[in-house]
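Participant: Got a structure here, written out as structure tokens. Questions coming.
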Amino acid sequence: MPKKTIKGILLDVDYVNKSGKSTIRLFVKEKQGIESYEDPEFRPFFFVTVNDEAKAEKDLKAAVFGEGAKIDSIKKVEKSNAEHVLKLSFKTVQDLVISRKEVTGFPNTIDKNEHDIPFASRYLLDKRLEPMNGIELIVEGNKILEAKTYEVKNPEFRAGAFDLETHSPGRFSDPKKDPILMISFALPEKTIVLSHGKEFKDKNTEVFDNEIKMIDAFTEKVKHENLDIITTYNGDSFDFPYIKERATRFDSKFAISSDGSEPKERSKGRDTAIKLVGIQHLDVYQMLRFLSRFGVVSLIKFDLESVVERLYDVKKEKIKAEEINAIWEKGEGLDRLANYCAEDSIYTLKMAYQYLPLVSELCKIVKQPVFEVGRASASMLVEYLIMAKCGETKRLVANKPDDYAIQQRMMNPIKGGYVKEPEPGLHENLAVLDFSSLYPTIMISHNVSPDSLGCKHKECMENVSPNKHYFCKKKKGLMPSILESLFEKRMKIKKEAKKLDKSDPKFALLNARQHALKILLNSFYGYLGYSRSRFYSRECASAITAWARQYVQWVGKEAENAGFNLLYSDTDSAFLIIPKGKKGKDVEAFVEKINKQLPGVMNLELEGFFKRGIFVTKESGEGAKKKYALIDYKGNLKIVGFEYVRRDWSLIAKDTQKAVIDAVLSEGNPDKAIKIVKAKIKELKEGKTKNADLIVFTQIKRRLDKYDAIGPHVAAAKKAVAKGKEIGVGSVIGYIITKSGKSISDKAQLQEYVKEGNYDSDYYIGHQLIPAVIKIMRELGYSKEDLIHGGKQHKLSQFF
DNA sequence: TAATTCGCTAGACCGA
DNA sequence: TCGGTCTAGCGAA
């Protein structure tokens, strides 16, 4: 058969068992659609370390595991961090799985390694192939002879979203009984709705005779659109399993994968994910959870309506299950329902497209498909990077720790950053300095890595952390070399982005790339100190924080020596008061001087100048850490740590606090602040405050029966459950403190059960509004009484 | 199933 | 009714 060269975008990898062999398949997006190619040469394998290669090889060769599993081939391999290593290859993944359980029981084998790395993932890592990037294949028929990645700057992907409305007669929908009423299908250029057996005015709704005809038509439409990515909102747990089950009930199949197969369930810890082959299923709900862990998005509640409101400031209509049933049964309002269904798909698609550049970049860097990355954790991303590097440098990947080791690690936390207690009160003329990417740059600059630790070279004795750990100066460690390449890429991209206008579409792309790199850079330190990490190192993690504390305190001291006052410092930052007679230029010169003395890629940055700032006093009389507000010379407020930024405070408290901070910092007008507070107290007392301003949001973090202390949120949740509401672990509930009850917990009710006006005004004044505001006003000499009864004029003029 | 530590604050609970 | 201790949640970095 003739050889030919294929170029396309790599979307996916999996394996199938074919003539008794697990065979890797790659799915490549080409002009005509998604094609698959096979690599029958790549075998599942893992490593064992042994005492005596010859003896072990002999034993293992003859061994039969389970009911007939055998090792296909054994090869002695060289590893840079281990001796006497054998590579065991298998015909199938199933053989490997059976064998790995028993192999360590053999007399000459000591340990096994890399036995728990999924076959398909490992293929991409070993072959250095990047999903969502270009791939060049040399093939014979559909057999892969060679595969390599090439850079495609901005590949376009065709995505579609779908959403179901289902019947739920007085209970949660059950796919075994309850039909799908509608399916919406959104594409970049149009959205359609499919339904059955009813009449619709809207021409975008296609009506079929019955449910299965609708489902089959939908299946055909999806296939016809040649999508690269199909997105859902919670399709992992709802839409996919549901439609699959419905199709099965009617002896049909929802087979939309690129190889003609049905969606498959894949367990991802406690939940199941739905995996398609080739075409990538991106569950936007999962993706947003993932992104929120890295602070890419900041979301309180993860239901679609809340998310859309937060991201796009759009109040989307929510039609509840009972109403859906009523509309369907009576046949009134069907178009409205169809529109609602369509909107869900439209917004799901919109979010998918918005964050796809970031997810794609992560896919390229960690060499895993969208399906994996869209549901990954920080530790998994770091692990992919480390495993790829281990492969490149012929290192054996460390095993996961056992439960005992995990326990030991957890019982022994690693000392973290240094936080200086601030001088409370108003301060003028500030400069804020901070180290850019402090922990990663320490790792790079001091070569902090498990494999460079405890070096005995003479010159390495100079590279010692404040807590006395030595790191090699001669040979770059595993982690620093990964970090350095990520760091350099990021610097280069940031430089490029700086040249562009922010509205330039190229800018958004570069921004996504640098953001992806930043996420990964910042995850390494956490991974080193993470109890379940394969590469946990107390020594490394504690050396990093020890250096960090030393550097940040050193900068503080140097600043004081240079004539500035050090107001505050937290982990990687220094807040300076610029005294009379000093200028911004002096700060710049100071930063420059510091940077000349910092090693390697470490860098102190001038974050900005601030006209004024406020730090507050704790109940104990000390200055409160991690709580401050600043205003710059353009009038921009920066509020940190205060109730204003916390979700577990009511809007009335938060907004009033912000108004007070604003009045004090930007206008220097505490009288105005007092007036604002008084007006709000009056409004609360008169029962005029709207429920929306009174809700306190809190997450239910465990099962309701697992709480020792029953706080208001738990009490409210329990009452709601008694009324038949479902509250899952991890859900965020909103409650209001009502008039009826003794303790605060007694009075707490879920917001949806509280009538307008039925709130405890004393609680909201005494426990929400005043505490939020008095913190600020106290620094200006006001007392609680001044807030309640009216302003007083004293000793403030000194500030203004 | 799962990145880290530091820090603030509330409300419940307990004993005087 | 008070103050101290503990649980719990969330934010900063």
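Here's how to read the names in the structure tokens: chain A, B, ... by the order shown, residue numbers from 1 in each chain, ligand numbers from 1 in the order shown.
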List the spatial neighbours of stretch 3-7 of chain C as a PyMOL selection string - criterion: any atom at most 10 Å away, only C-alpha atoms (C1' of nucleotides), same-chain residues fewer than 4 positions off excluded.
Facilitator: (chain A and resi 707-711) or (chain B and resi 11-16)
Participant: So that I can check the secondary structure, give me every residue of stretch 615-656 of chain A assigned alpha helix (DSSP H) by backbone DSSP, as a PyMOL selection string.
Facilitator: chain A and resi 651-656
Participant: Go ahead and save the picked residues with N, CA, C and O atoms, as a short mmCIF file (atom, residue, chain, number, x, y, z; two decimals), in the first residue's frame.
Facilitator:
```cif
data_model
loop_
_atom_site.label_atom_id
_atom_site.label_comp_id
_atom_site.auth_asym_id
_atom_site.auth_seq_id
_atom_site.Cartn_x
_atom_site.Cartn_y
_atom_site.Cartn_z
N LEU A 651 -26.05 41.44 50.62
CA LEU A 651 -25.77 42.57 49.72
C LEU A 651 -25.87 43.89 50.45
O LEU A 651 -25.09 44.80 50.21
N ILE A 652 -26.85 43.99 51.35
CA ILE A 652 -27.05 45.27 52.03
C ILE A 652 -25.80 45.64 52.83
O ILE A 652 -25.36 46.80 52.82
N ALA A 653 -25.19 44.63 53.47
CA ALA A 653 -23.97 44.89 54.22
C ALA A 653 -22.80 45.20 53.28
O ALA A 653 -22.02 46.13 53.52
N LYS A 654 -22.72 44.42 52.22
CA LYS A 654 -21.59 44.56 51.30
C LYS A 654 -21.62 45.90 50.57
O LYS A 654 -20.62 46.61 50.49
N ASP A 655 -22.79 46.22 50.02
CA ASP A 655 -22.90 47.46 49.25
C ASP A 655 -22.69 48.68 50.13
O ASP A 655 -22.07 49.67 49.72
N THR A 656 -23.23 48.63 51.34
CA THR A 656 -23.06 49.77 52.23
C THR A 656 -21.58 49.90 52.62
O THR A 656 -21.05 51.00 52.66
#
```
Participant: Find the nearest atom pair between each residue of chain A and chain B for residues within 7 Å, count only C-alpha atoms (C1' of nucleotides), give distances in Å to one decimal, sort rows by chain and ascending number, and present the table as JSON lines.
Facilitator:
```
{"residue": "A:Gly269", "atom": "CA", "partner": "B:DT1", "partner_atom": "C1'", "distance": 5.2}
{"residue": "A:Arg270", "atom": "CA", "partner": "B:DT1", "partner_atom": "C1'", "distance": 6.0}
{"residue": "A:Ala378", "atom": "CA", "partner": "B:DA3", "partner_atom": "C1'", "distance": 6.0}
{"residue": "A:Ser379", "atom": "CA", "partner": "B:DA3", "partner_atom": "C1'", "distance": 6.1}
{"residue": "A:Lys415", "atom": "CA", "partner": "B:DT5", "partner_atom": "C1'", "distance": 6.6}
{"residue": "A:Gly416", "atom": "CA", "partner": "B:DT5", "partner_atom": "C1'", "distance": 4.7}
{"residue": "A:Ser523", "atom": "CA", "partner": "B:DA3", "partner_atom": "C1'", "distance": 6.0}
{"residue": "A:Gly526", "atom": "CA", "partner": "B:DA3", "partner_atom": "C1'", "distance": 3.9}
{"residue": "A:Tyr527", "atom": "CA", "partner": "B:DA3", "partner_atom": "C1'", "distance": 5.0}
{"residue": "A:Gly529", "atom": "CA", "partner": "B:DT4", "partner_atom": "C1'", "distance": 6.4}
{"residue": "A:Tyr530", "atom": "CA", "partner": "B:DA3", "partner_atom": "C1'", "distance": 6.0}
{"residue": "A:Lys625", "atom": "CA", "partner": "B:DG7", "partner_atom": "C1'", "distance": 6.8}
{"residue": "A:Lys626", "atom": "CA", "partner": "B:DG7", "partner_atom": "C1'", "distance": 7.0}
{"residue": "A:Ala709", "atom": "CA", "partner": "B:DA12", "partner_atom": "C1'", "distance": 6.5}
{"residue": "A:Gly711", "atom": "CA", "partner": "B:DG11", "partner_atom": "C1'", "distance": 6.4}
```
Participant: What does the structure give for the distance between atom CA of A:Ala508 and atom CA of A:Phe487, in Å to one decimal?
Facilitator: 19.1 Å
Participant: Return as a Markdown table the residues of chain C lying at most 7 Å from chain A, together with the closest atom-to-atom pair for each and the distance in Å to one decimal, counting only C-alpha atoms (C1' of nucleotides), with rows in chain order and ascending residue number.
Facilitator:
```
| residue | atom | partner | partner_atom | distance |
| --- | --- | --- | --- | --- |
| C:DT7 | C1' | A:Ala709 | CA | 5.9 |
| C:DC10 | C1' | A:Arg646 | CA | 7.0 |
| C:DG11 | C1' | A:Gly641 | CA | 5.9 |
| C:DA12 | C1' | A:Lys626 | CA | 5.9 |
| C:DA13 | C1' | A:Thr571 | CA | 6.1 |
```
Participant: Can you measure atom CA of A:Asn565 to atom CA of A:Pro440 for me? One decimal in Å is fine.
Facilitator: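 So the answer is 28.1 Å.
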Participant: Can you work out the spacing between atom CA of A:Pro175 and atom CA of A:Ile256 in Å, to one decimal?
Facilitator: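 Between these atoms lies a distance of 19.1 Å.
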Participant: As a PDB file with N, CA and C atoms, in the first residue's frame, list the residues of stretch 260-467 of chain A assigned to strand (DSSP E) by DSSP on the backbone atoms of this structure.
Facilitator:
```
ATOM      1  N   LYS A 264     -19.962   6.857  25.844  1.00  0.00           N
ATOM      2  CA  LYS A 264     -19.613   5.868  26.870  1.00  0.00           C
ATOM      3  C   LYS A 264     -19.391   6.535  28.220  1.00  0.00           C
ATOM      4  N   GLU A 265     -19.840   5.823  29.249  1.00  0.00           N
ATOM      5  CA  GLU A 265     -19.626   6.340  30.599  1.00  0.00           C
ATOM      6  C   GLU A 265     -18.214   6.007  31.042  1.00  0.00           C
ATOM      7  N   ARG A 266     -17.587   7.002  31.642  1.00  0.00           N
ATOM      8  CA  ARG A 266     -16.224   6.820  32.134  1.00  0.00           C
ATOM      9  C   ARG A 266     -16.191   7.352  33.540  1.00  0.00           C
ATOM     10  N   SER A 267     -15.777   6.520  34.482  1.00  0.00           N
ATOM     11  CA  SER A 267     -15.844   7.025  35.848  1.00  0.00           C
ATOM     12  C   SER A 267     -14.698   7.993  36.113  1.00  0.00           C
ATOM     13  N   LYS A 268     -15.101   9.128  36.662  1.00  0.00           N
ATOM     14  CA  LYS A 268     -14.133  10.161  37.046  1.00  0.00           C
ATOM     15  C   LYS A 268     -14.327  10.358  38.534  1.00  0.00           C
ATOM     16  N   ASP A 271     -18.028  10.873  40.202  1.00  0.00           N
ATOM     17  CA  ASP A 271     -19.006  11.063  39.121  1.00  0.00           C
ATOM     18  C   ASP A 271     -18.625  10.236  37.900  1.00  0.00           C
ATOM     19  N   THR A 272     -19.547  10.229  36.970  1.00  0.00           N
ATOM     20  CA  THR A 272     -19.230   9.627  35.684  1.00  0.00           C
ATOM     21  C   THR A 272     -19.180  10.744  34.650  1.00  0.00           C
ATOM     22  N   ALA A 273     -18.248  10.607  33.742  1.00  0.00           N
ATOM     23  CA  ALA A 273     -18.160  11.543  32.638  1.00  0.00           C
ATOM     24  C   ALA A 273     -18.603  10.806  31.392  1.00  0.00           C
ATOM     25  N   ILE A 274     -19.095  11.561  30.415  1.00  0.00           N
ATOM     26  CA  ILE A 274     -19.495  10.929  29.167  1.00  0.00           C
ATOM     27  C   ILE A 274     -18.448  11.224  28.104  1.00  0.00           C
ATOM     28  N   LYS A 275     -17.874  10.141  27.604  1.00  0.00           N
ATOM     29  CA  LYS A 275     -16.809  10.274  26.618  1.00  0.00           C
ATOM     30  C   LYS A 275     -17.309   9.863  25.248  1.00  0.00           C
ATOM     31  N   GLN A 280     -15.179  15.705  20.601  1.00  0.00           N
ATOM     32  CA  GLN A 280     -14.943  15.893  22.030  1.00  0.00           C
ATOM     33  C   GLN A 280     -16.179  16.414  22.749  1.00  0.00           C
ATOM     34  N   HIS A 281     -16.531  15.716  23.810  1.00  0.00           N
ATOM     35  CA  HIS A 281     -17.628  16.221  24.643  1.00  0.00           C
ATOM     36  C   HIS A 281     -17.056  17.140  25.710  1.00  0.00           C
ATOM     37  N   LEU A 282     -17.404  18.411  25.618  1.00  0.00           N
ATOM     38  CA  LEU A 282     -16.987  19.384  26.619  1.00  0.00           C
ATOM     39  C   LEU A 282     -18.212  19.726  27.461  1.00  0.00           C
ATOM     40  N   ASP A 283     -18.196  19.288  28.691  1.00  0.00           N
ATOM     41  CA  ASP A 283     -19.300  19.628  29.590  1.00  0.00           C
ATOM     42  C   ASP A 283     -18.959  20.985  30.225  1.00  0.00           C
ATOM     43  N   VAL A 419       3.357  36.894  56.844  1.00  0.00           N
ATOM     44  CA  VAL A 419       2.413  38.011  56.769  1.00  0.00           C
ATOM     45  C   VAL A 419       2.735  38.992  57.889  1.00  0.00           C
ATOM     46  N   LYS A 420       2.956  40.232  57.529  1.00  0.00           N
ATOM     47  CA  LYS A 420       3.262  41.261  58.542  1.00  0.00           C
ATOM     48  C   LYS A 420       1.978  41.910  59.029  1.00  0.00           C
ATOM     49  N   GLY A 425      -5.430  51.976  60.291  1.00  0.00           N
ATOM     50  CA  GLY A 425      -5.752  53.387  60.090  1.00  0.00           C
ATOM     51  C   GLY A 425      -5.640  53.803  58.636  1.00  0.00           C
ATOM     52  N   LEU A 426      -5.805  55.093  58.422  1.00  0.00           N
ATOM     53  CA  LEU A 426      -5.687  55.646  57.069  1.00  0.00           C
ATOM     54  C   LEU A 426      -4.235  55.961  56.777  1.00  0.00           C
ATOM     55  N   HIS A 427      -3.817  55.630  55.567  1.00  0.00           N
ATOM     56  CA  HIS A 427      -2.444  55.945  55.171  1.00  0.00           C
ATOM     57  C   HIS A 427      -2.472  56.593  53.804  1.00  0.00           C
ATOM     58  N   GLU A 428      -1.549  57.506  53.586  1.00  0.00           N
ATOM     59  CA  GLU A 428      -1.517  58.230  52.315  1.00  0.00           C
ATOM     60  C   GLU A 428      -0.216  57.918  51.579  1.00  0.00           C
ATOM     61  N   ASN A 429      -0.316  58.027  50.261  1.00  0.00           N
ATOM     62  CA  ASN A 429       0.889  57.952  49.421  1.00  0.00           C
ATOM     63  C   ASN A 429       1.617  56.607  49.549  1.00  0.00           C
ATOM     64  N   LEU A 430       1.026  55.612  48.963  1.00  0.00           N
ATOM     65  CA  LEU A 430       1.553  54.253  49.102  1.00  0.00           C
ATOM     66  C   LEU A 430       2.117  53.721  47.783  1.00  0.00           C
ATOM     67  N   ALA A 431       3.045  52.791  47.921  1.00  0.00           N
ATOM     68  CA  ALA A 431       3.505  52.035  46.751  1.00  0.00           C
ATOM     69  C   ALA A 431       3.422  50.563  47.105  1.00  0.00           C
ATOM     70  N   VAL A 432       2.907  49.774  46.171  1.00  0.00           N
ATOM     71  CA  VAL A 432       2.812  48.341  46.414  1.00  0.00           C
ATOM     72  C   VAL A 432       3.779  47.610  45.477  1.00  0.00           C
ATOM     73  N   LEU A 433       4.638  46.810  46.085  1.00  0.00           N
ATOM     74  CA  LEU A 433       5.592  46.013  45.306  1.00  0.00           C
ATOM     75  C   LEU A 433       5.248  44.548  45.468  1.00  0.00           C
ATOM     76  N   ASP A 434       5.450  43.784  44.411  1.00  0.00           N
ATOM     77  CA  ASP A 434       5.334  42.339  44.634  1.00  0.00           C
ATOM     78  C   ASP A 434       6.224  41.535  43.703  1.00  0.00           C
ATOM     79  N   PHE A 435       6.584  40.364  44.180  1.00  0.00           N
ATOM     80  CA  PHE A 435       7.390  39.466  43.373  1.00  0.00           C
ATOM     81  C   PHE A 435       6.482  38.842  42.329  1.00  0.00           C
TER      82      PHE A 435
END
```
Participant: For stretch 117-131 of chain A, please output as a ChimeraX atom specification all residues within 10 Å (counting only C-alpha atoms (C1' of nucleotides); exclusion window: fewer than 2 positions along the same chain).
Facilitator: /A:9-15,22-28,39,42-46,92-93,113-115,133-136,146-151,360-370,372,384-392,397
Participant: Any idea what's packed within 12 Å of A:Ala692, counting only C-alpha atoms (C1' of nucleotides), ignoring anything in its chain fewer than 4 positions away? Could you give it as a list in words?
Facilitator: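 That gives Trp649, Ser650, Leu651, Ile652, Lys688, Val696, Phe697, Gly734, Tyr735, Ile736, Leu750, Gln751, Glu752, Val754, Lys755, Glu756, Gly757 and Tyr759 of chain A.
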Participant: Fewer than 5 positions away in the same chain doesn't count, so skip those; otherwise give me all residues within 9 Å of A:Lys70, counting only C-alpha atoms (C1' of nucleotides), as a PyMOL selection string.
Facilitator: chain A and resi 60-65+90-91+95-96+99
Participant: Could you save those same residues with N, CA and C atoms as a PDB file, in the first residue's frame?
Facilitator:
```pdb
ATOM      1  N   LEU A  60       9.448 -14.197  34.928  1.00  0.00           N
ATOM      2  CA  LEU A  60       8.302 -13.439  34.420  1.00  0.00           C
ATOM      3  C   LEU A  60       7.842 -13.963  33.058  1.00  0.00           C
ATOM      4  N   LYS A  61       8.819 -14.370  32.252  1.00  0.00           N
ATOM      5  CA  LYS A  61       8.494 -14.869  30.923  1.00  0.00           C
ATOM      6  C   LYS A  61       7.564 -16.085  31.005  1.00  0.00           C
ATOM      7  N   ALA A  62       7.853 -16.918  31.999  1.00  0.00           N
ATOM      8  CA  ALA A  62       7.088 -18.155  32.140  1.00  0.00           C
ATOM      9  C   ALA A  62       5.764 -17.951  32.863  1.00  0.00           C
ATOM     10  N   ALA A  63       5.605 -16.778  33.467  1.00  0.00           N
ATOM     11  CA  ALA A  63       4.456 -16.582  34.362  1.00  0.00           C
ATOM     12  C   ALA A  63       3.138 -16.468  33.618  1.00  0.00           C
ATOM     13  N   VAL A  64       2.097 -16.997  34.259  1.00  0.00           N
ATOM     14  CA  VAL A  64       0.728 -16.807  33.778  1.00  0.00           C
ATOM     15  C   VAL A  64      -0.037 -16.114  34.891  1.00  0.00           C
ATOM     16  N   PHE A  65      -0.665 -15.000  34.572  1.00  0.00           N
ATOM     17  CA  PHE A  65      -1.373 -14.216  35.578  1.00  0.00           C
ATOM     18  C   PHE A  65      -2.870 -14.379  35.413  1.00  0.00           C
ATOM     19  N   PHE A  90       2.660  -5.797  26.923  1.00  0.00           N
ATOM     20  CA  PHE A  90       1.523  -6.725  26.887  1.00  0.00           C
ATOM     21  C   PHE A  90       0.783  -6.609  25.571  1.00  0.00           C
ATOM     22  N   LYS A  91       0.067  -7.664  25.260  1.00  0.00           N
ATOM     23  CA  LYS A  91      -0.757  -7.621  24.051  1.00  0.00           C
ATOM     24  C   LYS A  91      -1.926  -6.674  24.261  1.00  0.00           C
ATOM     25  N   ASP A  95      -4.611  -7.574  29.813  1.00  0.00           N
ATOM     26  CA  ASP A  95      -3.520  -8.423  30.299  1.00  0.00           C
ATOM     27  C   ASP A  95      -2.655  -7.655  31.294  1.00  0.00           C
ATOM     28  N   LEU A  96      -2.378  -6.391  30.942  1.00  0.00           N
ATOM     29  CA  LEU A  96      -1.553  -5.564  31.825  1.00  0.00           C
ATOM     30  C   LEU A  96      -2.221  -5.401  33.188  1.00  0.00           C
ATOM     31  N   SER A  99      -1.955  -8.571  35.202  1.00  0.00           N
ATOM     32  CA  SER A  99      -0.574  -8.900  35.569  1.00  0.00           C
ATOM     33  C   SER A  99      -0.012  -7.968  36.633  1.00  0.00           C
TER      34      SER A  99
END
```
